[in-house]
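Trainee: Got a file for you: model_24.txt, compact mmCIF, C-alpha atoms and all ligand atoms.
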# COMPACT_ATOMS: atom_id res chain seq x y z
CA ASN A 1 0.00 0.00 0.00
CA ALA A 2 0.91 3.65 -0.29
CA ASP A 3 2.22 4.02 3.27
CA THR A 4 4.51 1.06 2.92
CA ALA A 5 5.71 2.30 -0.47
CA MET A 6 6.44 5.71 1.01
CA TYR A 7 8.30 4.17 3.92
CA MET A 8 10.42 2.01 1.65
CA ALA A 9 11.11 4.97 -0.60
CA LYS A 10 12.28 7.08 2.31
CA ARG A 11 14.49 4.30 3.58
CA ARG A 12 16.14 3.69 0.28
CA GLY A 13 16.50 7.27 -0.89
CA LYS A 14 15.84 9.25 -3.98
CA ASN A 15 15.68 6.54 -6.65
CA ASN A 16 13.00 4.79 -4.79
CA PHE A 17 11.04 7.94 -4.23
CA GLN A 18 10.86 8.11 -8.02
CA PHE A 19 9.54 4.56 -7.93
CA PHE A 20 6.91 5.64 -5.45
CA ILE A 21 5.74 8.41 -7.77
CA HIS A 22 5.54 5.92 -10.63
CA GLU A 23 3.48 3.58 -8.54
CA ASN A 24 1.05 6.36 -7.77
CA GLU A 25 0.86 7.32 -11.43
CA ASN A 26 0.17 3.73 -12.36
CA ARG A 27 -2.59 3.56 -9.83
CA LEU A 28 -4.17 6.72 -11.24
CA VAL A 29 -3.89 5.44 -14.80
CA ARG A 30 -5.49 2.16 -13.81
CA ARG A 31 -8.31 3.97 -12.03
CA ASN A 32 -9.00 6.25 -14.99
CA THR A 33 -8.94 3.30 -17.37
CA LEU A 34 -11.36 1.37 -15.20
CA GLU A 35 -13.69 4.33 -14.87
CA ARG A 36 -13.76 4.83 -18.64
CA GLU A 37 -14.19 1.14 -19.41
CA PHE A 38 -16.77 0.74 -16.69
CA LYS A 39 -19.15 3.19 -18.35
CA LYS A 40 -19.10 1.11 -21.54
CA ALA A 41 -19.20 -2.24 -19.80
CA LEU A 42 -22.82 -2.13 -18.71
CA ASN A 43 -24.00 -1.67 -22.30
CA LYS A 44 -21.54 -4.23 -23.60
CA ARG A 45 -22.85 -6.84 -21.20
CA GLU A 46 -19.46 -7.51 -19.65
CA PHE A 47 -20.99 -8.05 -16.22
CA ILE A 48 -22.31 -11.38 -15.06
CA LEU A 49 -23.54 -12.75 -11.77
CA ASN A 50 -22.04 -15.66 -9.92
CA TYR A 51 -23.88 -17.40 -7.12
CA GLN A 52 -22.51 -18.69 -3.84
CA PRO A 53 -24.62 -21.14 -1.83
CA LYS A 54 -25.68 -20.45 1.73
CA VAL A 55 -25.84 -23.70 3.61
CA GLU A 56 -27.22 -25.09 6.82
CA LEU A 57 -23.95 -25.81 8.61
CA LYS A 58 -24.97 -29.08 10.28
CA THR A 59 -26.11 -30.75 7.06
CA GLY A 60 -24.44 -28.82 4.23
CA VAL A 61 -27.89 -28.45 2.66
CA ILE A 62 -28.16 -25.44 0.34
CA ILE A 63 -30.82 -23.08 1.64
CA GLY A 64 -30.26 -20.11 -0.65
CA VAL A 65 -27.71 -18.27 -2.77
CA GLU A 66 -25.98 -14.89 -2.81
CA ALA A 67 -25.54 -13.09 -6.13
CA LEU A 68 -22.00 -11.74 -6.59
CA LEU A 69 -21.11 -9.43 -9.43
CA ARG A 70 -18.29 -10.31 -11.84
CA TRP A 71 -16.70 -8.05 -14.46
CA ASP A 72 -14.65 -9.75 -17.11
CA HIS A 73 -13.10 -7.10 -19.34
CA PRO A 74 -11.97 -8.41 -22.76
CA GLU A 75 -8.44 -6.95 -22.44
CA LEU A 76 -7.97 -6.20 -18.74
CA GLY A 77 -9.31 -9.58 -17.68
CA PRO A 78 -11.38 -10.12 -14.55
CA VAL A 79 -11.61 -6.99 -12.38
CA PRO A 80 -12.42 -7.79 -8.72
CA PRO A 81 -15.55 -6.21 -7.15
CA LEU A 82 -13.42 -4.70 -4.40
CA GLU A 83 -11.70 -2.68 -7.12
CA PHE A 84 -14.68 -1.65 -9.28
CA ILE A 85 -17.51 -1.30 -6.73
CA PRO A 86 -15.85 1.76 -5.09
CA ILE A 87 -15.45 3.36 -8.53
CA ALA A 88 -19.08 2.59 -9.30
CA GLU A 89 -20.06 4.22 -6.03
CA GLU A 90 -17.97 7.34 -6.57
CA THR A 91 -19.30 7.87 -10.08
CA GLY A 92 -22.91 7.10 -9.22
CA MET A 93 -22.83 4.23 -11.73
CA ILE A 94 -23.66 1.86 -8.88
CA VAL A 95 -27.32 2.81 -9.23
CA PRO A 96 -27.85 1.55 -12.81
CA LEU A 97 -25.44 -1.33 -12.17
CA GLY A 98 -27.17 -2.30 -8.93
CA ASN A 99 -30.53 -2.12 -10.67
CA TRP A 100 -29.22 -4.49 -13.30
CA VAL A 101 -27.99 -6.88 -10.59
CA LEU A 102 -31.40 -6.99 -8.92
CA LYS A 103 -33.16 -7.47 -12.23
CA GLU A 104 -30.82 -10.27 -13.33
CA ALA A 105 -30.82 -12.03 -9.94
CA LEU A 106 -34.63 -12.10 -9.85
CA ARG A 107 -34.83 -13.28 -13.44
CA GLN A 108 -32.53 -16.17 -12.47
CA THR A 109 -34.55 -16.92 -9.33
CA LYS A 110 -37.69 -17.24 -11.46
CA ALA A 111 -35.93 -19.33 -14.10
CA TRP A 112 -34.76 -21.73 -11.38
CA GLN A 113 -38.27 -21.93 -9.95
CA LYS A 114 -39.60 -22.89 -13.35
CA ALA A 115 -36.99 -25.66 -13.38
CA GLY A 116 -38.21 -26.90 -9.98
CA ILE A 117 -35.51 -25.21 -7.90
CA GLU A 118 -36.83 -22.92 -5.20
CA MET A 119 -34.09 -20.75 -3.71
CA LYS A 120 -33.93 -17.57 -1.72
CA MET A 121 -31.81 -14.99 -3.52
CA ALA A 122 -29.61 -12.55 -1.57
CA VAL A 123 -28.57 -9.37 -3.39
CA ASN A 124 -25.97 -6.84 -2.19
CA VAL A 125 -27.17 -3.27 -2.12
CA SER A 126 -24.91 -0.26 -1.69
CA ALA A 127 -25.74 2.91 0.21
CA LEU A 128 -26.44 5.07 -2.86
CA GLN A 129 -28.99 2.61 -4.19
CA PHE A 130 -30.59 2.14 -0.84
CA GLU A 131 -30.96 5.88 -0.31
CA ASN A 132 -32.40 6.43 -3.78
CA HIS A 133 -35.99 7.64 -3.44
CA SER A 134 -37.30 5.17 -6.03
CA PHE A 135 -35.56 2.13 -4.55
CA ILE A 136 -38.62 0.57 -2.91
CA ASP A 137 -40.70 1.04 -6.04
CA PHE A 138 -37.97 -0.53 -8.11
CA VAL A 139 -37.81 -3.59 -5.84
CA LYS A 140 -41.58 -3.98 -6.02
CA GLU A 141 -41.55 -3.58 -9.79
CA MET A 142 -38.83 -6.22 -10.26
CA LEU A 143 -40.68 -8.68 -8.04
CA SER A 144 -43.96 -8.21 -9.86
CA ASN A 145 -42.34 -8.29 -13.32
CA ASN A 146 -41.02 -11.72 -12.43
CA LYS A 147 -44.19 -12.80 -10.64
CA LEU A 148 -42.07 -13.59 -7.59
CA SER A 149 -43.16 -13.65 -3.98
CA PRO A 150 -41.07 -11.19 -1.90
CA LYS A 151 -40.17 -14.02 0.46
CA TYR A 152 -37.55 -15.16 -2.06
CA LEU A 153 -35.55 -11.93 -1.81
CA ILE A 154 -33.00 -10.94 0.83
CA LEU A 155 -31.21 -7.61 0.56
CA GLU A 156 -27.72 -7.43 2.06
CA ILE A 157 -26.68 -4.01 3.32
CA THR A 158 -23.53 -3.03 5.18
CA GLU A 159 -23.34 -0.96 8.32
CA SER A 160 -22.19 2.02 6.23
CA VAL A 161 -25.70 2.17 4.79
CA MET A 162 -26.99 2.96 8.24
CA GLN A 163 -25.20 6.26 8.74
CA ASP A 164 -28.51 8.03 8.54
CA ILE A 165 -30.22 5.72 10.95
CA LYS A 166 -33.65 7.35 10.84
CA HIS A 167 -33.86 7.26 7.08
CA SER A 168 -32.53 3.69 6.91
CA ALA A 169 -35.06 2.58 9.48
CA ILE A 170 -37.88 3.90 7.29
CA ILE A 171 -36.63 2.03 4.23
CA ILE A 172 -36.00 -1.20 6.12
CA GLU A 173 -39.48 -0.99 7.61
CA LYS A 174 -40.96 -0.53 4.15
CA LEU A 175 -39.06 -3.56 2.89
CA ASN A 176 -40.28 -5.49 5.89
CA HIS A 177 -43.80 -4.39 5.13
CA ILE A 178 -43.68 -5.71 1.57
CA GLY A 179 -42.13 -8.97 2.83
CA VAL A 180 -38.52 -8.59 1.68
CA GLN A 181 -35.89 -9.65 4.24
CA VAL A 182 -32.80 -7.66 5.16
CA ALA A 183 -29.37 -8.88 6.23
CA ILE A 184 -26.57 -6.83 7.76
CA ASP A 185 -23.49 -7.78 5.73
CA ASP A 186 -19.88 -7.74 7.00
CA PHE A 187 -21.25 -7.42 10.51
CA GLY A 188 -18.67 -6.21 13.00
CA THR A 189 -16.44 -4.35 10.55
CA GLY A 190 -18.45 -1.12 10.49
CA TYR A 191 -18.78 1.51 13.12
CA SER A 192 -22.49 1.51 13.84
CA SER A 193 -23.37 1.25 17.49
CA LEU A 194 -25.01 -1.89 18.79
CA SER A 195 -28.05 0.14 19.76
CA VAL A 196 -28.87 0.33 16.05
CA LEU A 197 -29.72 -3.35 16.10
CA ASN A 198 -32.79 -3.14 18.27
CA LYS A 199 -34.18 -0.20 16.34
CA LEU A 200 -34.25 -1.95 12.98
CA PRO A 201 -36.39 -4.85 11.79
CA ILE A 202 -33.44 -6.88 10.51
CA ASP A 203 -33.68 -10.58 9.72
CA PHE A 204 -30.07 -11.77 9.44
CA LEU A 205 -26.60 -10.84 10.65
CA LYS A 206 -23.70 -11.97 8.51
CA ILE A 207 -20.56 -12.43 10.60
CA ASP A 208 -17.74 -10.99 8.53
CA LYS A 209 -15.15 -13.36 7.14
CA SER A 210 -12.32 -11.46 8.83
CA PHE A 211 -13.61 -12.86 12.15
CA VAL A 212 -14.13 -16.37 10.86
CA SER A 213 -10.61 -16.57 9.46
CA GLU A 214 -9.12 -15.56 12.82
CA ILE A 215 -11.10 -17.90 15.08
CA PHE A 216 -8.11 -20.14 15.80
CA ASN A 217 -5.40 -17.50 15.49
CA ASN A 218 -6.67 -15.09 18.06
CA SER A 219 -8.45 -15.95 21.28
CA ASN A 220 -10.06 -12.52 21.39
CA THR A 221 -11.59 -13.14 17.99
CA SER A 222 -13.03 -16.48 19.01
CA SER A 223 -14.66 -14.77 22.01
CA ILE A 224 -16.05 -12.04 19.76
CA VAL A 225 -17.53 -14.62 17.41
CA LYS A 226 -19.15 -16.47 20.32
CA THR A 227 -20.57 -13.19 21.61
CA MET A 228 -21.91 -12.20 18.19
CA ILE A 229 -23.72 -15.52 17.90
CA GLU A 230 -25.10 -15.26 21.42
CA MET A 231 -26.29 -11.71 20.85
CA GLY A 232 -27.79 -12.50 17.44
CA LYS A 233 -29.77 -15.36 18.95
CA ASN A 234 -31.04 -13.25 21.83
CA LEU A 235 -32.19 -10.58 19.42
CA ASN A 236 -33.84 -13.18 17.18
CA PHE A 237 -31.67 -12.67 14.12
CA GLY A 238 -30.69 -15.45 11.79
CA LEU A 239 -26.89 -15.81 11.85
CA ILE A 240 -24.84 -16.46 8.76
CA ALA A 241 -21.07 -16.86 9.00
CA GLU A 242 -19.06 -15.75 5.95
CA GLY A 243 -15.81 -17.06 4.55
CA ILE A 244 -15.78 -20.56 6.07
CA GLU A 245 -12.73 -22.23 4.56
CA ASN A 246 -12.29 -25.41 6.59
CA GLU A 247 -14.04 -28.00 8.69
CA ARG A 248 -12.56 -26.76 11.98
CA GLN A 249 -14.12 -23.33 11.49
CA ALA A 250 -17.45 -24.94 10.58
CA GLU A 251 -17.32 -27.15 13.70
CA PHE A 252 -16.57 -24.17 15.95
CA LEU A 253 -19.51 -22.24 14.51
CA ILE A 254 -21.88 -25.19 14.88
CA GLN A 255 -20.73 -25.85 18.45
CA ASN A 256 -21.43 -22.25 19.33
CA GLY A 257 -24.89 -22.19 17.80
CA CYS A 258 -24.49 -20.59 14.38
CA HIS A 259 -26.90 -22.27 11.96
CA PHE A 260 -25.97 -20.97 8.52
CA GLY A 261 -22.82 -20.20 6.58
CA GLN A 262 -21.04 -19.57 3.32
CA GLY A 263 -17.49 -20.16 2.20
CA TYR A 264 -15.05 -21.96 -0.05
CA PHE A 265 -15.29 -25.01 2.25
CA TYR A 266 -18.81 -25.53 0.87
CA SER A 267 -18.51 -23.87 -2.52
CA PRO A 268 -16.98 -20.79 -4.17
CA PRO A 269 -19.28 -18.43 -6.08
CA LEU A 270 -20.27 -20.23 -9.31
CA PRO A 271 -21.76 -19.31 -12.69
CA ALA A 272 -25.52 -19.99 -12.83
CA GLU A 273 -25.23 -23.28 -14.76
CA GLU A 274 -22.71 -24.74 -12.30
CA MET A 275 -24.78 -23.57 -9.35
CA GLU A 276 -27.76 -25.30 -10.90
CA GLU A 277 -25.78 -28.55 -11.24
CA LEU A 278 -24.76 -28.36 -7.58
CA ILE A 279 -28.36 -27.85 -6.44
CA LYS A 280 -29.62 -30.61 -8.69
CA SER A 281 -27.06 -33.04 -7.28
CA GLN A 282 -28.35 -32.27 -3.76
CA LEU A 283 -31.93 -32.65 -4.96
CA SER A 284 -31.22 -36.02 -6.56
CA CYS A 285 -29.52 -37.48 -3.49
CA GLY A 286 -32.47 -36.32 -1.38
CA LYS A 287 -30.48 -33.71 0.51
CA ILE A 288 -32.90 -30.93 -0.40
CA GLU A 289 -36.62 -31.37 -0.70
CA LYS A 290 -38.02 -30.27 -4.00
CA LYS A 291 -39.95 -27.37 -2.49
CA GLY A 292 -36.88 -25.81 -0.87
CA SER A 293 -35.67 -26.04 2.69
CA ALA A 294 -37.96 -25.09 5.54
CA ALA A 295 -34.98 -24.24 7.73
CA PHE A 296 -34.50 -20.83 6.17
CA ASN A 297 -38.12 -19.69 5.98
P1 LIG B 301 -19.69 -9.65 0.44
O1 LIG B 301 -21.10 -9.35 0.06
O2 LIG B 301 -19.38 -9.68 1.88
O3 LIG B 301 -19.38 -11.04 -0.27
C1 LIG B 301 -18.51 -12.01 0.25
C2 LIG B 301 -17.19 -12.02 -0.46
O4 LIG B 301 -16.37 -13.05 0.10
C3 LIG B 301 -17.26 -12.34 -1.95
O5 LIG B 301 -16.20 -11.64 -2.56
C4 LIG B 301 -16.98 -13.85 -1.98
O6 LIG B 301 -16.49 -14.29 -3.22
C5 LIG B 301 -15.94 -13.95 -0.90
N1 LIG B 301 -15.87 -15.27 -0.30
C6 LIG B 301 -16.82 -16.23 -0.24
N2 LIG B 301 -16.39 -17.30 0.44
C7 LIG B 301 -15.12 -17.03 0.83
C8 LIG B 301 -14.13 -17.77 1.57
O7 LIG B 301 -14.33 -18.89 2.02
N3 LIG B 301 -12.94 -17.15 1.78
C9 LIG B 301 -12.68 -15.88 1.31
N4 LIG B 301 -11.49 -15.36 1.55
N5 LIG B 301 -13.58 -15.19 0.60
C10 LIG B 301 -14.79 -15.74 0.36
P2 LIG B 301 -16.40 -10.85 -3.93
O8 LIG B 301 -17.31 -11.63 -4.83
O9 LIG B 301 -15.04 -10.49 -4.41
O10 LIG B 301 -17.19 -9.56 -3.48
C11 LIG B 301 -16.60 -8.63 -2.61
C12 LIG B 301 -17.61 -7.61 -2.16
O11 LIG B 301 -18.05 -6.81 -3.26
C13 LIG B 301 -18.88 -8.21 -1.58
O12 LIG B 301 -18.67 -8.61 -0.24
C14 LIG B 301 -19.83 -7.05 -1.72
O13 LIG B 301 -19.66 -6.13 -0.67
C15 LIG B 301 -19.36 -6.41 -3.01
N6 LIG B 301 -20.26 -6.84 -4.09
C16 LIG B 301 -20.23 -7.96 -4.85
N7 LIG B 301 -21.26 -7.98 -5.71
C17 LIG B 301 -21.98 -6.84 -5.48
C18 LIG B 301 -23.18 -6.27 -6.05
O14 LIG B 301 -23.86 -6.84 -6.91
N8 LIG B 301 -23.59 -5.05 -5.55
C19 LIG B 301 -22.91 -4.41 -4.55
N9 LIG B 301 -23.37 -3.22 -4.13
N10 LIG B 301 -21.79 -4.92 -4.00
C20 LIG B 301 -21.33 -6.12 -4.46
MG MG B 302 -22.93 -9.87 0.70
MG MG B 303 -20.37 -10.12 3.44
MG MG B 304 -17.68 -9.38 3.34
Can you turn what I pasted into structure tokens?
Mentor:
Amino acid sequence: NADTAMYMAKRRGKNNFQFFIHENENRLVRRNTLEREFKKALNKREFILNYQPKVELKTGVIIGVEALLRWDHPELGPVPPLEFIPIAEETGMIVPLGNWVLKEALRQTKAWQKAGIEMKMAVNVSALQFENHSFIDFVKEMLSNNKLSPKYLILEITESVMQDIKHSAIIIEKLNHIGVQVAIDDFGTGYSSLSVLNKLPIDFLKIDKSFVSEIFNNSNTSSIVKTMIEMGKNLNFGLIAEGIENERQAEFLIQNGCHFGQGYFYSPPLPAEEMEELIKSQLSCGKIEKKGSAAFN
């Protein structure tokens, strides 16, 4: 990062300071390129959605999926969301892009239903979209265009969305009213106060993967995870742990009462066709009932 680069440059003297300047220039060039390409990409259909299963930890049964955006640029190659989402937010492009994501995710949800696969779909929503005055109407319109019951949609928002707590509360209540569920994503990494939690009708807390990955490296972290689960249960939230990469982490979470999770240990995000294969294989071995899992309802 820039601080490290600066430190190294200072330590090594003038030549390396030049290197530091180059690095910064490169970063600016890359950013400008991405911004320019990004504006074209939506029309050129360079974005696709991948889907990562959410599972019931005890059984590994798939109980829903999360839509994750992918941008594969013809020359630049795959650009990670953590690089392009901030640009989309700064330029306001996140609104049309996010609208496309919701539209596409619900189209896919309906297509799967027609093929006998009933899955809840979780969609990430950024602050700008969420604060947009027509957001609720857009959600309603997308659901009715696809003839989908709202119970199939979960919106994932981060704590940063809740900076204006009063306004957020109104929107979350409206979503609640129409029957769409809300999850707090990356829980624990933001700076919202805990008192926010009992003011909002939230359905799920997603324990951020930075906690899950540290469970066995840091005894403080394992205590925090236990406390998050305990608190979530007391407040009647569904708990979903993110970024589960091995069986030990899964075991710890199960032992401490977390019911649901996501992570490479179960499956990475997959293109729709591969996701469909995975679900069908669970259906055929009787792991999932045809009408979806009751556990998540
Ligand atoms: P997120 O919503 O918290 O999604 C979880 C991220 O963790 C995803 O990264 C996923 O691929 C990754 N992940 C899943 N399992 C594991 C694991 O076992 N280990 C590790 N290390 N990582 C795992 P991805 O797809 O790169 O997305 C990053 C972030 O970009 C998302 O975090 C979300 O905040 C944002 N994002 C992605 N798609 C959208 C979108 O359609 N709209 C908005 N507004 N944001 C999006
Ligand atoms: Mg998410
Ligand atoms: Mg998350
Ligand atoms: Mg996350």
Trainee: Counting all atoms listed in the file, figure out which residue out of A:Glu276, A:Asp186, A:Glu25, A:Asp203 gets nearest to A:Gln113.
Mentor: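 Closest to A:Gln113 of all the choices is A:Glu276.
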Trainee: What residues of the protein or nucleic acid chains come within 8 Å of ligand MG 303 (chain B) when you use only C-alpha atoms and all ligand atoms? Reply as a list in words.
Mentor: Glu156, Thr158, Asp185, Asp186, Phe187, Lys206, Ile207, Asp208, Lys209 and Glu242 of chain A
Trainee: Write out as JSON lines the residues of chain A that have any atom within 12 Å of an atom of ligand MG 302 (chain B), one row each with the nearest atom pair and its distance in Å to one decimal, counting all atoms listed in the file, sorted by chain and then rising number.
Mentor:
{"residue": "A:Tyr51", "atom": "CA", "partner": "B:MG302", "partner_atom": "MG", "distance": 10.9}
{"residue": "A:Gln52", "atom": "CA", "partner": "B:MG302", "partner_atom": "MG", "distance": 9.9}
{"residue": "A:Pro53", "atom": "CA", "partner": "B:MG302", "partner_atom": "MG", "distance": 11.7}
{"residue": "A:Lys54", "atom": "CA", "partner": "B:MG302", "partner_atom": "MG", "distance": 11.0}
{"residue": "A:Val65", "atom": "CA", "partner": "B:MG302", "partner_atom": "MG", "distance": 10.3}
{"residue": "A:Glu66", "atom": "CA", "partner": "B:MG302", "partner_atom": "MG", "distance": 6.8}
{"residue": "A:Ala67", "atom": "CA", "partner": "B:MG302", "partner_atom": "MG", "distance": 8.0}
{"residue": "A:Leu68", "atom": "CA", "partner": "B:MG302", "partner_atom": "MG", "distance": 7.6}
{"residue": "A:Leu69", "atom": "CA", "partner": "B:MG302", "partner_atom": "MG", "distance": 10.3}
{"residue": "A:Pro81", "atom": "CA", "partner": "B:MG302", "partner_atom": "MG", "distance": 11.4}
{"residue": "A:Leu82", "atom": "CA", "partner": "B:MG302", "partner_atom": "MG", "distance": 12.0}
{"residue": "A:Met121", "atom": "CA", "partner": "B:MG302", "partner_atom": "MG", "distance": 11.1}
{"residue": "A:Ala122", "atom": "CA", "partner": "B:MG302", "partner_atom": "MG", "distance": 7.5}
{"residue": "A:Val123", "atom": "CA", "partner": "B:MG302", "partner_atom": "MG", "distance": 7.0}
{"residue": "A:Asn124", "atom": "CA", "partner": "B:MG302", "partner_atom": "MG", "distance": 5.2}
{"residue": "A:Val125", "atom": "CA", "partner": "B:MG302", "partner_atom": "MG", "distance": 8.3}
{"residue": "A:Ser126", "atom": "CA", "partner": "B:MG302", "partner_atom": "MG", "distance": 10.1}
{"residue": "A:Ile154", "atom": "CA", "partner": "B:MG302", "partner_atom": "MG", "distance": 10.1}
{"residue": "A:Leu155", "atom": "CA", "partner": "B:MG302", "partner_atom": "MG", "distance": 8.6}
{"residue": "A:Glu156", "atom": "CA", "partner": "B:MG302", "partner_atom": "MG", "distance": 5.5}
{"residue": "A:Ile157", "atom": "CA", "partner": "B:MG302", "partner_atom": "MG", "distance": 7.4}
{"residue": "A:Thr158", "atom": "CA", "partner": "B:MG302", "partner_atom": "MG", "distance": 8.2}
{"residue": "A:Glu159", "atom": "CA", "partner": "B:MG302", "partner_atom": "MG", "distance": 11.7}
{"residue": "A:Val182", "atom": "CA", "partner": "B:MG302", "partner_atom": "MG", "distance": 11.1}
{"residue": "A:Ala183", "atom": "CA", "partner": "B:MG302", "partner_atom": "MG", "distance": 8.5}
{"residue": "A:Ile184", "atom": "CA", "partner": "B:MG302", "partner_atom": "MG", "distance": 8.5}
{"residue": "A:Asp185", "atom": "CA", "partner": "B:MG302", "partner_atom": "MG", "distance": 5.5}
{"residue": "A:Asp186", "atom": "CA", "partner": "B:MG302", "partner_atom": "MG", "distance": 7.3}
{"residue": "A:Phe187", "atom": "CA", "partner": "B:MG302", "partner_atom": "MG", "distance": 10.2}
{"residue": "A:Phe204", "atom": "CA", "partner": "B:MG302", "partner_atom": "MG", "distance": 11.4}
{"residue": "A:Leu205", "atom": "CA", "partner": "B:MG302", "partner_atom": "MG", "distance": 10.6}
{"residue": "A:Lys206", "atom": "CA", "partner": "B:MG302", "partner_atom": "MG", "distance": 8.1}
{"residue": "A:Ile207", "atom": "CA", "partner": "B:MG302", "partner_atom": "MG", "distance": 10.5}
{"residue": "A:Asp208", "atom": "CA", "partner": "B:MG302", "partner_atom": "MG", "distance": 9.5}
{"residue": "A:Lys209", "atom": "CA", "partner": "B:MG302", "partner_atom": "MG", "distance": 10.7}
{"residue": "A:Ile240", "atom": "CA", "partner": "B:MG302", "partner_atom": "MG", "distance": 10.6}
{"residue": "A:Ala241", "atom": "CA", "partner": "B:MG302", "partner_atom": "MG", "distance": 11.0}
{"residue": "A:Glu242", "atom": "CA", "partner": "B:MG302", "partner_atom": "MG", "distance": 8.8}
{"residue": "A:Gly243", "atom": "CA", "partner": "B:MG302", "partner_atom": "MG", "distance": 10.8}
{"residue": "A:Gly261", "atom": "CA", "partner": "B:MG302", "partner_atom": "MG", "distance": 11.9}
{"residue": "A:Gln262", "atom": "CA", "partner": "B:MG302", "partner_atom": "MG", "distance": 10.2}
{"residue": "A:Gly263", "atom": "CA", "partner": "B:MG302", "partner_atom": "MG", "distance": 11.7}
{"residue": "A:Pro269", "atom": "CA", "partner": "B:MG302", "partner_atom": "MG", "distance": 11.5}
Trainee: Could you give me the axis-aligned bounding box of ligand LIG 301 (chain B), with 4 Å of padding per side, as centre plus edge lengths in Å to one decimal, as lines of an AutoDock Vina configuration file?
Mentor:
center_x = -17.7
center_y = -11.1
center_z = -2.4
size_x = 20.4
size_y = 23.7
size_z = 16.9
Trainee: List the residues sitting within 9 Å of (-17.9, -18.1, 16.5) in the file's frame, using only C-alpha atoms, as an NGL selection string.
Mentor: :A and (207 or 211-212 or 215 or 221-229 or 241 or 249 or 252-258)
Trainee: Which distance in Å separates atom O3 of ligand LIG 301 (chain B) and atom CA of A:Trp100, to one decimal?
Mentor: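 Straight-line distance from atom O3 of ligand LIG 301 (chain B) to atom CA of A:Trp100 works out to 17.6 Å.
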Trainee: So, with all atoms listed in the file as the atoms that count, which of A:Lys39, A:His22, A:Arg30, A:Arg70 lies closest to ligand LIG 301 (chain B)?
Mentor: A:Arg70
Trainee: Rank nothing, just name the residue among A:Phe135, A:Phe84, A:Phe216, A:Tyr191 nearest to A:Glu37, using only C-alpha atoms.
Mentor: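 Ranked by minimum distance to A:Glu37, first place goes to A:Phe84.
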Trainee: Which residue, A:Gln282, A:Ser267, A:Thr189, A:Asn246, has the smallest gap to ligand MG 304 (chain B) when you use all atoms listed in the file?
Mentor: A:Thr189
Trainee: Measuring atom to atom with all atoms listed in the file, identify which of A:Pro96, A:Gly188, A:Pro86, A:Gly60 is nearest to A:Leu34.
Mentor: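 The answer is A:Pro86, which sits nearest to A:Leu34.
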Trainee: Can you tell me how far atom CA of A:His259 sits from atom CA of A:Thr59, in Å to one decimal?
Mentor: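 Going from atom CA of A:His259 over to atom CA of A:Thr59 covers 9.8 Å.
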Trainee: So how far away is atom CA of A:Gly98 from atom N8 of ligand LIG 301 (chain B), in Å?
Mentor: 5.6 Å
Trainee: Tell me which of A:Leu153, A:Ile244, A:Leu97, A:Val61 sits closest to ligand MG 304 (chain B), counting only C-alpha atoms and all ligand atoms.
Mentor: A:Ile244
Trainee: Can you tell me which residues surround stretch 71-80 of chain A at a distance of at most 7 Å, considering all atoms listed in the file, apart from same-chain residues fewer than 5 positions away, and format the answer as a PDB file with C-alpha atoms, in the coordinates of the input?
Mentor:
ATOM      1  CA  GLU A  46     -19.460  -7.510 -19.650  1.00  0.00           C
ATOM      2  CA  PHE A  47     -20.990  -8.050 -16.220  1.00  0.00           C
ATOM      3  CA  ILE A  48     -22.310 -11.380 -15.060  1.00  0.00           C
TER       4      ILE A  48
END
